[in-house]
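J.: This one is query_38.cif, mmCIF, C-alpha atoms.
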data_protein
loop_
_atom_site.label_atom_id
_atom_site.label_comp_id
_atom_site.auth_asym_id
_atom_site.auth_seq_id
_atom_site.Cartn_x
_atom_site.Cartn_y
_atom_site.Cartn_z
CA MET S 12 28.81 -34.64 -79.81
CA THR S 13 28.06 -36.39 -76.53
CA ARG S 14 30.94 -38.68 -75.55
CA LEU S 15 30.03 -42.28 -74.62
CA THR S 16 32.19 -44.60 -72.52
CA SER S 17 30.99 -48.11 -71.64
CA THR S 18 32.23 -50.30 -68.81
CA ARG S 19 31.08 -53.15 -66.56
CA LEU S 20 30.34 -53.09 -62.86
CA ALA S 21 31.70 -55.73 -60.50
CA ASP S 22 28.72 -58.06 -61.01
CA GLY S 23 28.75 -57.71 -64.81
CA ARG S 24 26.09 -55.04 -65.25
CA GLU S 25 26.70 -52.54 -68.04
CA LEU S 26 27.33 -48.87 -67.19
CA ILE S 27 27.66 -46.10 -69.78
CA TYR S 28 28.97 -42.59 -69.13
CA PHE S 29 27.35 -39.95 -71.33
CA ASP S 30 29.59 -36.90 -71.02
CA ASP S 31 28.54 -33.46 -72.28
CA ALA S 32 29.62 -32.36 -75.74
CA GLY S 33 33.21 -31.13 -75.72
CA SER S 34 34.23 -33.22 -72.71
CA PRO S 35 37.70 -34.81 -72.76
CA GLU S 36 38.16 -38.54 -72.89
CA ARG S 37 37.24 -40.20 -69.61
CA ASP S 38 40.03 -41.29 -67.27
CA ARG S 39 40.37 -45.07 -67.43
CA GLY S 40 40.45 -45.15 -63.64
CA SER S 41 36.78 -44.14 -63.60
CA LEU S 42 35.86 -47.41 -65.33
CA LYS S 43 36.94 -49.84 -62.61
CA ASP S 44 34.41 -50.96 -60.00
CA HIS S 45 36.44 -52.06 -56.97
CA ARG S 46 33.50 -53.42 -54.97
CA GLU S 47 32.88 -57.09 -54.28
CA LEU S 48 29.29 -57.76 -55.30
CA PRO S 49 27.32 -61.02 -55.18
CA PRO S 50 26.30 -62.64 -58.48
CA ARG S 51 23.20 -61.25 -60.12
CA ALA S 52 19.91 -62.91 -59.25
CA ASP S 53 17.83 -64.80 -61.77
CA PRO S 54 14.93 -62.90 -63.35
CA GLY S 55 11.67 -62.60 -61.51
CA GLU S 56 8.50 -64.00 -63.02
CA LEU S 57 5.78 -62.86 -65.38
CA ARG S 58 2.31 -64.26 -64.79
CA TYR S 59 -0.55 -64.00 -67.26
CA ASP S 60 -3.85 -62.62 -66.00
CA GLU S 61 -6.38 -64.33 -68.23
CA LEU S 62 -9.22 -62.23 -66.85
CA THR S 63 -7.75 -59.03 -68.35
CA GLY S 64 -5.34 -60.40 -70.96
CA GLU S 65 -2.43 -58.61 -69.24
CA TRP S 66 0.96 -59.69 -67.94
CA VAL S 67 1.91 -59.02 -64.31
CA ALA S 68 5.52 -58.95 -63.10
CA VAL S 69 6.23 -60.72 -59.81
CA ALA S 70 9.49 -59.29 -58.45
CA ALA S 71 9.73 -60.23 -54.77
CA HIS S 72 13.51 -59.69 -54.83
CA ARG S 73 12.87 -55.93 -55.06
CA GLN S 74 11.70 -55.90 -51.44
CA SER S 75 15.36 -55.55 -50.40
CA ARG S 76 16.21 -52.65 -52.72
CA THR S 77 17.70 -49.41 -51.39
CA HIS S 78 15.08 -47.09 -49.91
CA LEU S 79 15.69 -43.36 -49.33
CA PRO S 80 19.27 -43.64 -48.01
CA PRO S 81 21.01 -40.61 -46.44
CA ALA S 82 23.00 -38.44 -48.84
CA ASP S 83 26.36 -39.86 -47.76
CA GLN S 84 25.18 -43.36 -48.71
CA CYS S 85 23.49 -42.53 -52.01
CA PRO S 86 24.14 -45.32 -54.55
CA ILE S 87 24.16 -43.01 -57.57
CA CYS S 88 26.34 -40.19 -56.30
CA PRO S 89 29.96 -40.35 -57.54
CA THR S 90 32.17 -42.78 -55.64
CA THR S 91 34.12 -41.41 -52.66
CA PRO S 92 36.47 -43.15 -50.22
CA ALA S 93 33.57 -43.35 -47.76
CA ASN S 94 30.89 -44.39 -50.28
CA ALA S 95 31.68 -46.90 -53.02
CA SER S 96 28.57 -46.26 -55.10
CA GLU S 97 27.16 -47.71 -58.31
CA ILE S 98 29.15 -45.06 -60.19
CA PRO S 99 32.90 -45.85 -60.05
CA ALA S 100 33.90 -42.34 -61.18
CA GLN S 101 34.57 -39.45 -58.82
CA ASP S 102 32.62 -37.21 -61.20
CA TYR S 103 30.35 -37.60 -64.22
CA ASP S 104 27.77 -35.80 -66.35
CA VAL S 105 25.05 -38.38 -67.11
CA VAL S 106 25.22 -42.12 -66.41
CA VAL S 107 23.04 -45.05 -67.48
CA PHE S 108 23.43 -48.46 -65.86
CA GLU S 109 21.52 -51.68 -65.39
CA ASN S 110 19.38 -51.66 -62.26
CA ARG S 111 20.72 -53.86 -59.48
CA PHE S 112 17.14 -54.67 -58.45
CA PRO S 113 15.30 -54.97 -61.77
CA SER S 114 11.63 -55.70 -62.30
CA LEU S 115 12.59 -57.17 -65.68
CA GLY S 116 15.77 -59.01 -66.66
CA PRO S 117 18.70 -59.29 -66.66
CA ALA S 118 18.01 -62.18 -69.07
CA VAL S 119 16.32 -61.39 -72.37
CA GLY S 120 14.09 -63.65 -74.41
CA THR S 121 10.61 -64.18 -75.76
CA ILE S 122 7.52 -64.89 -73.70
CA PRO S 123 4.70 -67.26 -74.69
CA ASP S 124 2.62 -65.86 -77.55
CA LYS S 125 -0.54 -67.82 -76.67
CA PRO S 126 -0.79 -67.58 -72.88
CA GLU S 127 -3.70 -68.87 -70.85
CA TRP S 128 -4.61 -69.24 -67.18
CA GLY S 129 -1.56 -70.47 -65.28
CA THR S 130 0.99 -69.36 -67.88
CA ALA S 131 4.21 -68.02 -66.37
CA SER S 132 7.50 -66.94 -67.87
CA PRO S 133 10.83 -65.57 -66.70
CA ALA S 134 10.57 -61.77 -66.45
CA TYR S 135 12.71 -61.12 -69.50
CA GLY S 136 13.70 -57.58 -70.43
CA ARG S 137 15.91 -54.82 -69.11
CA CYS S 138 15.62 -52.12 -66.44
CA GLU S 139 18.12 -49.27 -66.46
CA VAL S 140 18.73 -46.26 -64.22
CA VAL S 141 19.52 -42.84 -65.72
CA SER S 142 21.30 -40.44 -63.36
CA PHE S 143 20.85 -36.90 -64.68
CA THR S 144 23.58 -35.24 -62.63
CA PRO S 145 26.32 -36.03 -60.07
CA SER S 146 24.62 -33.63 -57.63
CA HIS S 147 22.53 -35.35 -54.97
CA THR S 148 20.12 -32.43 -54.70
CA GLY S 149 18.15 -30.48 -57.25
CA SER S 150 15.95 -31.63 -60.12
CA PHE S 151 15.85 -32.05 -63.88
CA ALA S 152 14.38 -28.55 -64.18
CA GLU S 153 17.58 -27.13 -62.70
CA LEU S 154 19.85 -28.69 -65.33
CA GLY S 155 21.33 -26.45 -67.99
CA GLU S 156 20.34 -26.99 -71.61
CA THR S 157 23.66 -28.67 -72.41
CA ARG S 158 23.11 -31.27 -69.69
CA ALA S 159 19.45 -31.76 -70.64
CA ARG S 160 20.59 -32.34 -74.22
CA THR S 161 23.00 -35.01 -72.96
CA VAL S 162 20.14 -36.77 -71.15
CA ILE S 163 18.09 -36.72 -74.36
CA GLU S 164 21.04 -38.24 -76.20
CA ALA S 165 21.19 -40.98 -73.57
CA TRP S 166 17.46 -41.68 -73.91
CA ALA S 167 17.78 -41.89 -77.69
CA HIS S 168 20.85 -44.13 -77.56
CA ARG S 169 19.31 -46.52 -75.07
CA THR S 170 16.02 -46.62 -76.97
CA ALA S 171 17.86 -47.82 -80.07
CA ALA S 172 20.04 -50.29 -78.16
CA LEU S 173 17.26 -51.79 -76.06
CA SER S 174 14.93 -52.04 -79.05
CA ALA S 175 17.48 -54.36 -80.65
CA LEU S 176 17.49 -56.85 -77.74
CA ARG S 177 15.86 -60.22 -78.32
CA GLY S 178 12.23 -60.28 -77.26
CA VAL S 179 11.88 -56.59 -76.39
CA GLN S 180 8.52 -55.20 -77.53
CA GLN S 181 8.45 -51.72 -75.98
CA VAL S 182 10.98 -49.25 -74.54
CA PHE S 183 9.74 -46.80 -71.91
CA PRO S 184 11.89 -43.95 -70.50
CA PHE S 185 10.33 -42.22 -67.49
CA GLU S 186 11.00 -40.21 -64.35
CA ASN S 187 9.21 -40.47 -61.01
CA ARG S 188 9.83 -37.25 -59.10
CA GLY S 189 8.92 -36.65 -55.45
CA SER S 190 8.20 -38.75 -52.39
CA GLU S 191 4.47 -38.37 -53.11
CA ILE S 192 5.03 -40.44 -56.25
CA GLY S 193 6.92 -43.12 -54.33
CA VAL S 194 10.56 -42.55 -55.28
CA THR S 195 13.14 -44.62 -53.41
CA LEU S 196 16.11 -42.30 -54.14
CA HIS S 197 16.20 -38.53 -53.74
CA HIS S 198 19.05 -38.12 -56.26
CA PRO S 199 17.66 -36.73 -59.57
CA HIS S 200 17.28 -39.72 -61.84
CA GLY S 201 14.95 -41.58 -64.16
CA GLN S 202 14.55 -45.11 -65.45
CA ILE S 203 14.11 -47.02 -68.70
CA TYR S 204 12.10 -50.25 -68.94
CA ALA S 205 12.39 -52.59 -71.91
CA TYR S 206 9.31 -54.81 -71.80
CA PRO S 207 8.96 -58.25 -73.43
CA TYR S 208 5.30 -57.45 -74.12
CA ILE S 209 3.24 -54.43 -75.15
CA THR S 210 1.90 -52.71 -72.04
CA PRO S 211 -1.88 -52.24 -71.66
CA ARG S 212 -1.69 -48.46 -72.05
CA ALA S 213 0.46 -48.70 -75.18
CA ALA S 214 -1.89 -51.29 -76.65
CA SER S 215 -4.89 -49.02 -76.07
CA LEU S 216 -3.14 -46.00 -77.59
CA GLY S 217 -1.92 -48.10 -80.50
CA ALA S 218 -5.41 -49.40 -81.30
CA ALA S 219 -6.89 -45.89 -81.35
CA ALA S 220 -3.99 -44.58 -83.45
CA GLY S 221 -4.39 -47.44 -85.93
CA ARG S 222 -8.11 -46.79 -86.40
CA HIS S 223 -7.53 -43.10 -87.10
CA PHE S 224 -4.65 -43.82 -89.45
CA ASP S 225 -6.78 -46.26 -91.44
CA ASP S 226 -9.76 -43.88 -91.53
CA SER S 227 -7.53 -41.08 -92.85
CA LYS S 228 -6.09 -43.43 -95.52
CA GLY S 229 -2.66 -43.05 -93.92
CA ARG S 230 -2.55 -39.28 -94.29
CA GLU S 231 -2.06 -38.35 -90.61
CA SER S 232 -1.48 -39.80 -87.16
CA LEU S 233 -4.09 -39.43 -84.43
CA THR S 234 -1.59 -37.49 -82.29
CA SER S 235 -0.96 -35.04 -85.16
CA SER S 236 -4.70 -34.57 -85.59
CA ILE S 237 -5.20 -33.83 -81.89
CA LEU S 238 -2.22 -31.46 -81.79
CA ASN S 239 -3.60 -29.53 -84.79
CA ALA S 240 -7.04 -29.31 -83.15
CA GLU S 241 -5.56 -28.07 -79.86
CA ARG S 242 -3.45 -25.44 -81.67
CA GLN S 243 -6.49 -24.18 -83.57
CA ASP S 244 -8.60 -24.03 -80.40
CA GLY S 245 -5.80 -22.43 -78.36
CA SER S 246 -7.47 -22.49 -74.95
CA ARG S 247 -5.41 -25.40 -73.66
CA MET S 248 -2.09 -24.61 -75.35
CA VAL S 249 0.84 -24.11 -72.98
CA LEU S 250 3.63 -23.30 -75.43
CA GLU S 251 4.41 -23.63 -79.12
CA GLY S 252 7.81 -24.02 -80.74
CA GLU S 253 9.10 -24.61 -84.22
CA ARG S 254 9.36 -28.39 -83.73
CA PHE S 255 7.48 -29.14 -80.46
CA SER S 256 4.28 -27.92 -78.83
CA ALA S 257 2.72 -28.61 -75.44
CA TYR S 258 -0.90 -28.54 -74.34
CA VAL S 259 -3.23 -29.70 -71.59
CA PRO S 260 -5.39 -32.38 -73.26
CA PHE S 261 -9.12 -31.76 -73.71
CA ALA S 262 -9.96 -34.78 -71.54
CA ALA S 263 -7.07 -34.60 -69.05
CA ARG S 264 -7.28 -37.27 -66.37
CA TRP S 265 -4.93 -35.74 -63.81
CA PRO S 266 -5.13 -32.42 -61.90
CA LEU S 267 -1.93 -31.41 -63.74
CA GLU S 268 -1.38 -33.01 -67.14
CA VAL S 269 0.56 -31.75 -70.14
CA HIS S 270 1.33 -33.49 -73.43
CA LEU S 271 4.50 -32.50 -75.29
CA VAL S 272 4.41 -33.52 -78.95
CA PRO S 273 6.91 -33.27 -81.83
CA HIS S 274 5.35 -31.64 -84.89
CA ARG S 275 6.91 -34.30 -87.10
CA GLN S 276 5.51 -37.81 -86.75
CA VAL S 277 8.29 -39.99 -85.34
CA PRO S 278 7.98 -43.30 -83.45
CA ASP S 279 10.56 -42.69 -80.73
CA LEU S 280 13.32 -40.50 -79.34
CA ALA S 281 15.94 -42.28 -81.43
CA ALA S 282 14.23 -40.97 -84.60
CA LEU S 283 14.54 -37.29 -83.64
CA THR S 284 17.00 -35.14 -85.61
CA GLY S 285 19.74 -33.13 -83.95
CA GLU S 286 17.72 -29.93 -84.37
CA GLU S 287 14.67 -31.56 -82.79
CA ARG S 288 16.71 -32.79 -79.84
CA ASP S 289 18.15 -29.29 -79.37
CA GLU S 290 14.69 -27.73 -79.16
CA LEU S 291 13.39 -30.54 -76.98
CA ALA S 292 16.06 -29.77 -74.37
CA HIS S 293 14.83 -26.17 -74.24
CA VAL S 294 11.09 -26.88 -74.27
CA TYR S 295 11.20 -29.76 -71.79
CA LEU S 296 13.13 -27.70 -69.25
CA GLU S 297 10.62 -24.90 -69.69
CA LEU S 298 7.71 -27.23 -68.97
CA LEU S 299 9.28 -28.58 -65.80
CA LYS S 300 10.08 -25.06 -64.58
CA ARG S 301 6.47 -24.05 -65.07
CA MET S 302 5.23 -27.09 -63.14
CA ASP S 303 7.44 -26.09 -60.20
CA ALA S 304 6.36 -22.44 -60.43
CA LEU S 305 2.70 -23.26 -59.76
CA TYR S 306 3.17 -23.73 -56.01
CA PRO S 307 5.61 -22.65 -53.28
CA THR S 308 7.13 -26.15 -53.08
CA PRO S 309 8.33 -28.52 -55.84
CA THR S 310 5.59 -30.39 -57.67
CA PRO S 311 5.70 -34.20 -57.71
CA TYR S 312 5.24 -35.66 -61.17
CA ILE S 313 5.57 -38.63 -63.49
CA SER S 314 7.25 -37.86 -66.80
CA ALA S 315 6.36 -40.66 -69.24
CA TRP S 316 7.71 -40.95 -72.78
CA HIS S 317 5.16 -42.78 -74.92
CA GLN S 318 7.25 -44.39 -77.63
CA VAL S 319 5.65 -46.58 -80.27
CA PRO S 320 6.01 -50.31 -79.53
CA LEU S 321 8.16 -52.35 -81.90
CA ASP S 322 5.25 -54.28 -83.42
CA PRO S 323 5.47 -53.49 -87.18
CA ALA S 324 1.68 -53.12 -87.29
CA LEU S 325 1.81 -50.19 -84.83
CA ARG S 326 4.82 -48.27 -86.16
CA PRO S 327 3.22 -46.48 -89.17
CA SER S 328 0.40 -44.93 -87.12
CA GLY S 329 2.25 -44.24 -83.88
CA HIS S 330 3.58 -40.86 -82.78
CA LEU S 331 6.04 -40.16 -79.97
CA HIS S 332 4.77 -37.91 -77.19
CA LEU S 333 5.47 -37.06 -73.56
CA GLN S 334 2.79 -37.26 -70.89
CA LEU S 335 3.72 -35.14 -67.86
CA THR S 336 1.30 -35.66 -64.97
CA SER S 337 1.00 -34.77 -61.30
CA PRO S 338 -1.56 -35.79 -58.66
CA ARG S 339 -1.23 -32.35 -57.03
CA ARG S 340 -4.63 -30.66 -57.12
CA ALA S 341 -3.77 -27.84 -54.70
CA ALA S 342 -0.77 -26.61 -52.74
CA ASP S 343 -1.62 -28.95 -49.86
CA LYS S 344 -3.78 -31.59 -51.57
CA LEU S 345 -3.11 -34.66 -53.70
CA LYS S 346 -5.48 -36.68 -55.82
CA PHE S 347 -5.51 -40.35 -54.85
CA LEU S 348 -6.69 -43.06 -57.21
CA ALA S 349 -9.62 -44.36 -55.21
CA GLY S 350 -12.63 -46.51 -56.12
CA SER S 351 -13.60 -45.19 -59.56
CA GLU S 352 -10.06 -44.76 -60.87
CA ALA S 353 -8.31 -47.72 -59.24
CA ALA S 354 -11.09 -50.28 -59.63
CA MET S 355 -12.84 -49.15 -62.82
CA GLY S 356 -10.19 -47.07 -64.60
CA ALA S 357 -12.77 -44.27 -64.79
CA PHE S 358 -11.01 -40.99 -63.99
CA ILE S 359 -12.62 -37.98 -62.34
CA ASN S 360 -10.59 -34.77 -62.65
CA ASP S 361 -10.80 -32.14 -59.91
CA THR S 362 -9.54 -29.34 -62.18
CA THR S 363 -10.48 -28.04 -65.62
CA PRO S 364 -7.91 -28.43 -68.41
CA GLU S 365 -8.50 -24.84 -69.54
CA SER S 366 -7.74 -23.35 -66.12
CA VAL S 367 -4.60 -25.48 -65.75
CA ALA S 368 -3.35 -24.37 -69.17
CA GLU S 369 -4.02 -20.73 -68.28
CA ARG S 370 -1.98 -21.07 -65.09
CA LEU S 371 0.91 -22.76 -66.91
CA ARG S 372 0.94 -19.96 -69.49
CA ALA S 373 0.94 -17.34 -66.73
CA VAL S 374 4.07 -18.72 -65.08
CA ALA S 375 6.18 -18.74 -68.27
CA SER S 376 9.85 -18.14 -67.55
CA ASN S 377 11.98 -15.65 -69.44
CA SER S 378 13.56 -18.53 -71.36
CA ALA S 379 10.18 -19.26 -72.96
CA ARG S 380 10.52 -16.09 -75.02
CA THR S 381 13.37 -17.63 -76.97
CA ILE S 382 11.30 -20.48 -78.42
CA PRO S 383 10.96 -19.65 -82.13
CA GLU S 384 7.18 -19.27 -82.32
CA GLY S 385 6.92 -17.86 -78.80
CA ALA S 386 4.97 -19.16 -75.86
CA PRO S 387 1.46 -17.91 -75.18
CA ALA S 388 1.47 -15.88 -71.99
#
If you took the structure in this file and wrote it as structure tokens, what would it be?

T.:
Amino acid sequence: MTRLTSTRLADGRELIYFDDAGSPERDRGSLKDHRELPPRADPGELRYDELTGEWVAVAAHRQSRTHLPPADQCPICPTTPANASEIPAQDYDVVVFENRFPSLGPAVGTIPDKPEWGTASPAYGRCEVVSFTPSHTGSFAELGETRARTVIEAWAHRTAALSALRGVQQVFPFENRGSEIGVTLHHPHGQIYAYPYITPRAASLGAAAGRHFDDSKGRESLTSSILNAERQDGSRMVLEGERFSAYVPFAARWPLEVHLVPHRQVPDLAALTGEERDELAHVYLELLKRMDALYPTPTPYISAWHQVPLDPALRPSGHLHLQLTSPRRAADKLKFLAGSEAAMGAFINDTTPESVAERLRAVASNSARTIPEGAPA
């Protein structure tokens, strides 16, 4: 089992070490943050956009956050005598801690349920950082399966814990990878946002899922139906396992887009069984390796875990899935969200989903052969 050790940083933020299965108990000296930090700032602000019915976070305090520091000043490398970082330990496996410059939180609470023009609220919620490795260089794809499994355990643990906080409506683990995406730290890491509202994308997905669930008299989720259709068609499948499968969606928006779906309908990562988490570690690493194998240089991406919001009306029809996307449309070209996409939300894809799936099948690594049902190649 993954070993968890919780502590507090000098300004009161929570930090949790997630050490790989079989690790010894953590040295108590690794729990003490010797820095002198200023008190935490008050939350930013949420403002209601009546024109769209959406909440917007105003977080001007984030202007001063750390931006692409040199390796010897990285805030999420292990602490050294020359660099007292956010991680007090001199070594670690995986760490989760509250963001020092959060978009949401640190206070939690409920926001107005009947907002109108001019409605504002403290930006309640929680923002956490997930450091995948003590190494400053590399990527998630280069982790071993044991370490990837530890990260999954951290995601699942934090999903359950954050879902229990007052006012939280949705928990979103994600990773921004690459300067093209806008990362502010090179060190391999991800984030988790706990929102006090249901995000626009989740609301749209939830509405579609609810309609399908009702039309099928509760017999299947929309995500299950789409996965079954993609598996029967086959032209956009990337790999198939015993418990997870991945495909390029029929109407992919991005030049590179893959959905990874558990065969069993579950609402979130916390609901996965141990066997499902084991296979997920294998399959997810395989997907990331294939993304990087498409071009001579690493591929920038956003890895977004779509977990079902906590609204009881959405839970029965929802279905956990990963959306892995990249704006890279060629080795030396990126897709930018210009007029149609940015202003109208109307996407125009420069690639065909079938050709992308074919390329991702062609670059299968040797490890793909060990997935129970095999990967198409």

J.: Using all atoms listed in the file, which of the listed residues (S:Ala93, S:Pro338, S:Arg370, S:Gln318) sits closest to Asn187 (chain S)?

T.: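 Once distances to Asn187 (chain S) are computed over all atoms listed in the file, the minimum belongs to S:Pro338.
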
J.: Check the smallest atom-to-atom distance from each of S:Leu250, S:Val69, S:Ala100, S:Ile27 to Ala134 (chain S) using only C-alpha atoms, then report the winner.

T.: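 Using only C-alpha atoms, Ala134 (chain S) sits closest to S:Val69.
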
J.: So how many Å separate CA of Gly155 (chain S) and CA of Pro99 (chain S), to one decimal?

T.: 23.9 Å

J.: Record the distance separating CA of Glu290 (chain S) and CA of Arg242 (chain S), expressed in Å with one decimal.

T.: 18.5 Å

J.: Assuming the chain letters and numbering stay as they are in my file, what does the PyMOL selection byres ((chain S and resi 35) around 12) actually select? List them as a list in words.

T.: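 That selection, the PyMOL selection byres ((chain S and resi 35) around 12), comes back as Met12, Thr13, Arg14, Leu15, Thr16, Phe29, Asp30, Asp31, Ala32, Gly33, Ser34, Glu36, Arg37, Asp38, Arg39, Tyr103 and Asp104 of chain S.
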
J.: Could you give me, as a Markdown table, every region 50-164 of chain S residue with an atom at most 9 Å from region 175-179 of chain S, plus its closest atom pair and distance in Å to one decimal, counting all atoms listed in the file, rows ordered by chain then number?

T.:
| residue | atom | partner | partner_atom | distance |
| --- | --- | --- | --- | --- |
| S:Val119 | CA | S:Arg177 | CA | 6.1 |
| S:Gly120 | CA | S:Gly178 | CA | 4.8 |
| S:Thr121 | CA | S:Gly178 | CA | 4.5 |
| S:Ile122 | CA | S:Gly178 | CA | 7.5 |
| S:Tyr135 | CA | S:Gly178 | CA | 7.8 |
| S:Gly136 | CA | S:Val179 | CA | 6.3 |
| S:Arg137 | CA | S:Val179 | CA | 8.5 |

J.: Going by the chain IDs and residue numbers used in this file, which residues fall under the PyMOL selection byres ((chain S and resi 126) around 12)? Write them as a ChimeraX atom specification.

T.: /S:57-66,122-125,127-132,208

J.: List as a JSON list (two decimals) with C-alpha atoms, keeping the file's coordinate frame the protein and nucleic acid residues near Arg169 (chain S), meaning an atom at most 9 Å away when only C-alpha atoms are counted, but skip any in the same chain fewer than 3 places from it.

T.:
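Saved file part-v3.json follows:
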[["chain", "number", "residue", "atom", "x", "y", "z"],
["S", 107, "VAL", "CA", 23.04, -45.05, -67.48],
["S", 164, "GLU", "CA", 21.04, -38.24, -76.20],
["S", 165, "ALA", "CA", 21.19, -40.98, -73.57],
["S", 166, "TRP", "CA", 17.46, -41.68, -73.91],
["S", 172, "ALA", "CA", 20.04, -50.29, -78.16],
["S", 173, "LEU", "CA", 17.26, -51.79, -76.06],
["S", 174, "SER", "CA", 14.93, -52.04, -79.05],
["S", 182, "VAL", "CA", 10.98, -49.25, -74.54],
["S", 203, "ILE", "CA", 14.11, -47.02, -68.70],
["S", 281, "ALA", "CA", 15.94, -42.28, -81.43]]

J.: Please indicate the distance in Å from CA of Leu325 (chain S) to CA of Pro273 (chain S), rounded to one decimal place.

T.: 17.9 Å

J.: What's the 7 Å shell around region 44-50 of chain S, counting all atoms listed in the file, without same-chain residues fewer than 5 positions away, as a list in words?

T.: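 The residues satisfying every condition are Leu20, Ala21, Asp22 and Pro99 of chain S.
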
J.: Which residue, S:Pro207, S:Gly285, S:Pro81, S:Pro278, has the smallest gap to Thr195 (chain S) when you use all atoms listed in the file?

T.: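 Counting all atoms listed in the file, the residue closest to Thr195 (chain S) is S:Pro81.
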
J.: Kindly output region 87-98 of chain S as a compact mmCIF listing (two decimals), keeping the file's coordinate frame, after building N, CA and C atoms.

T.:
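Final output, result-v3.txt:
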# COMPACT_ATOMS: atom_id res chain seq x y z
N ILE S 87 23.89 -43.55 -56.23
CA ILE S 87 24.16 -43.01 -57.57
C ILE S 87 24.88 -41.65 -57.53
N CYS S 88 25.36 -41.28 -56.37
CA CYS S 88 26.34 -40.19 -56.30
C CYS S 88 27.69 -40.74 -56.77
N PRO S 89 28.62 -39.87 -57.18
CA PRO S 89 29.96 -40.35 -57.54
C PRO S 89 30.61 -41.07 -56.37
N THR S 90 31.46 -42.04 -56.67
CA THR S 90 32.17 -42.78 -55.64
C THR S 90 33.12 -41.88 -54.86
N THR S 91 33.16 -42.08 -53.54
CA THR S 91 34.12 -41.41 -52.66
C THR S 91 34.78 -42.47 -51.80
N PRO S 92 35.86 -42.15 -51.10
CA PRO S 92 36.47 -43.15 -50.22
C PRO S 92 35.51 -43.71 -49.19
N ALA S 93 34.51 -42.90 -48.79
CA ALA S 93 33.57 -43.35 -47.76
C ALA S 93 32.32 -43.99 -48.35
N ASN S 94 32.11 -43.87 -49.65
CA ASN S 94 30.89 -44.39 -50.28
C ASN S 94 31.21 -44.94 -51.67
N ALA S 95 31.44 -46.25 -51.72
CA ALA S 95 31.68 -46.90 -53.02
C ALA S 95 30.32 -47.15 -53.66
N SER S 96 29.92 -46.25 -54.54
CA SER S 96 28.57 -46.26 -55.10
C SER S 96 28.49 -47.10 -56.37
N GLU S 97 27.35 -47.03 -57.03
CA GLU S 97 27.16 -47.71 -58.31
C GLU S 97 27.96 -47.04 -59.42
N ILE S 98 28.41 -45.81 -59.19
CA ILE S 98 29.15 -45.06 -60.19
C ILE S 98 30.63 -45.04 -59.79
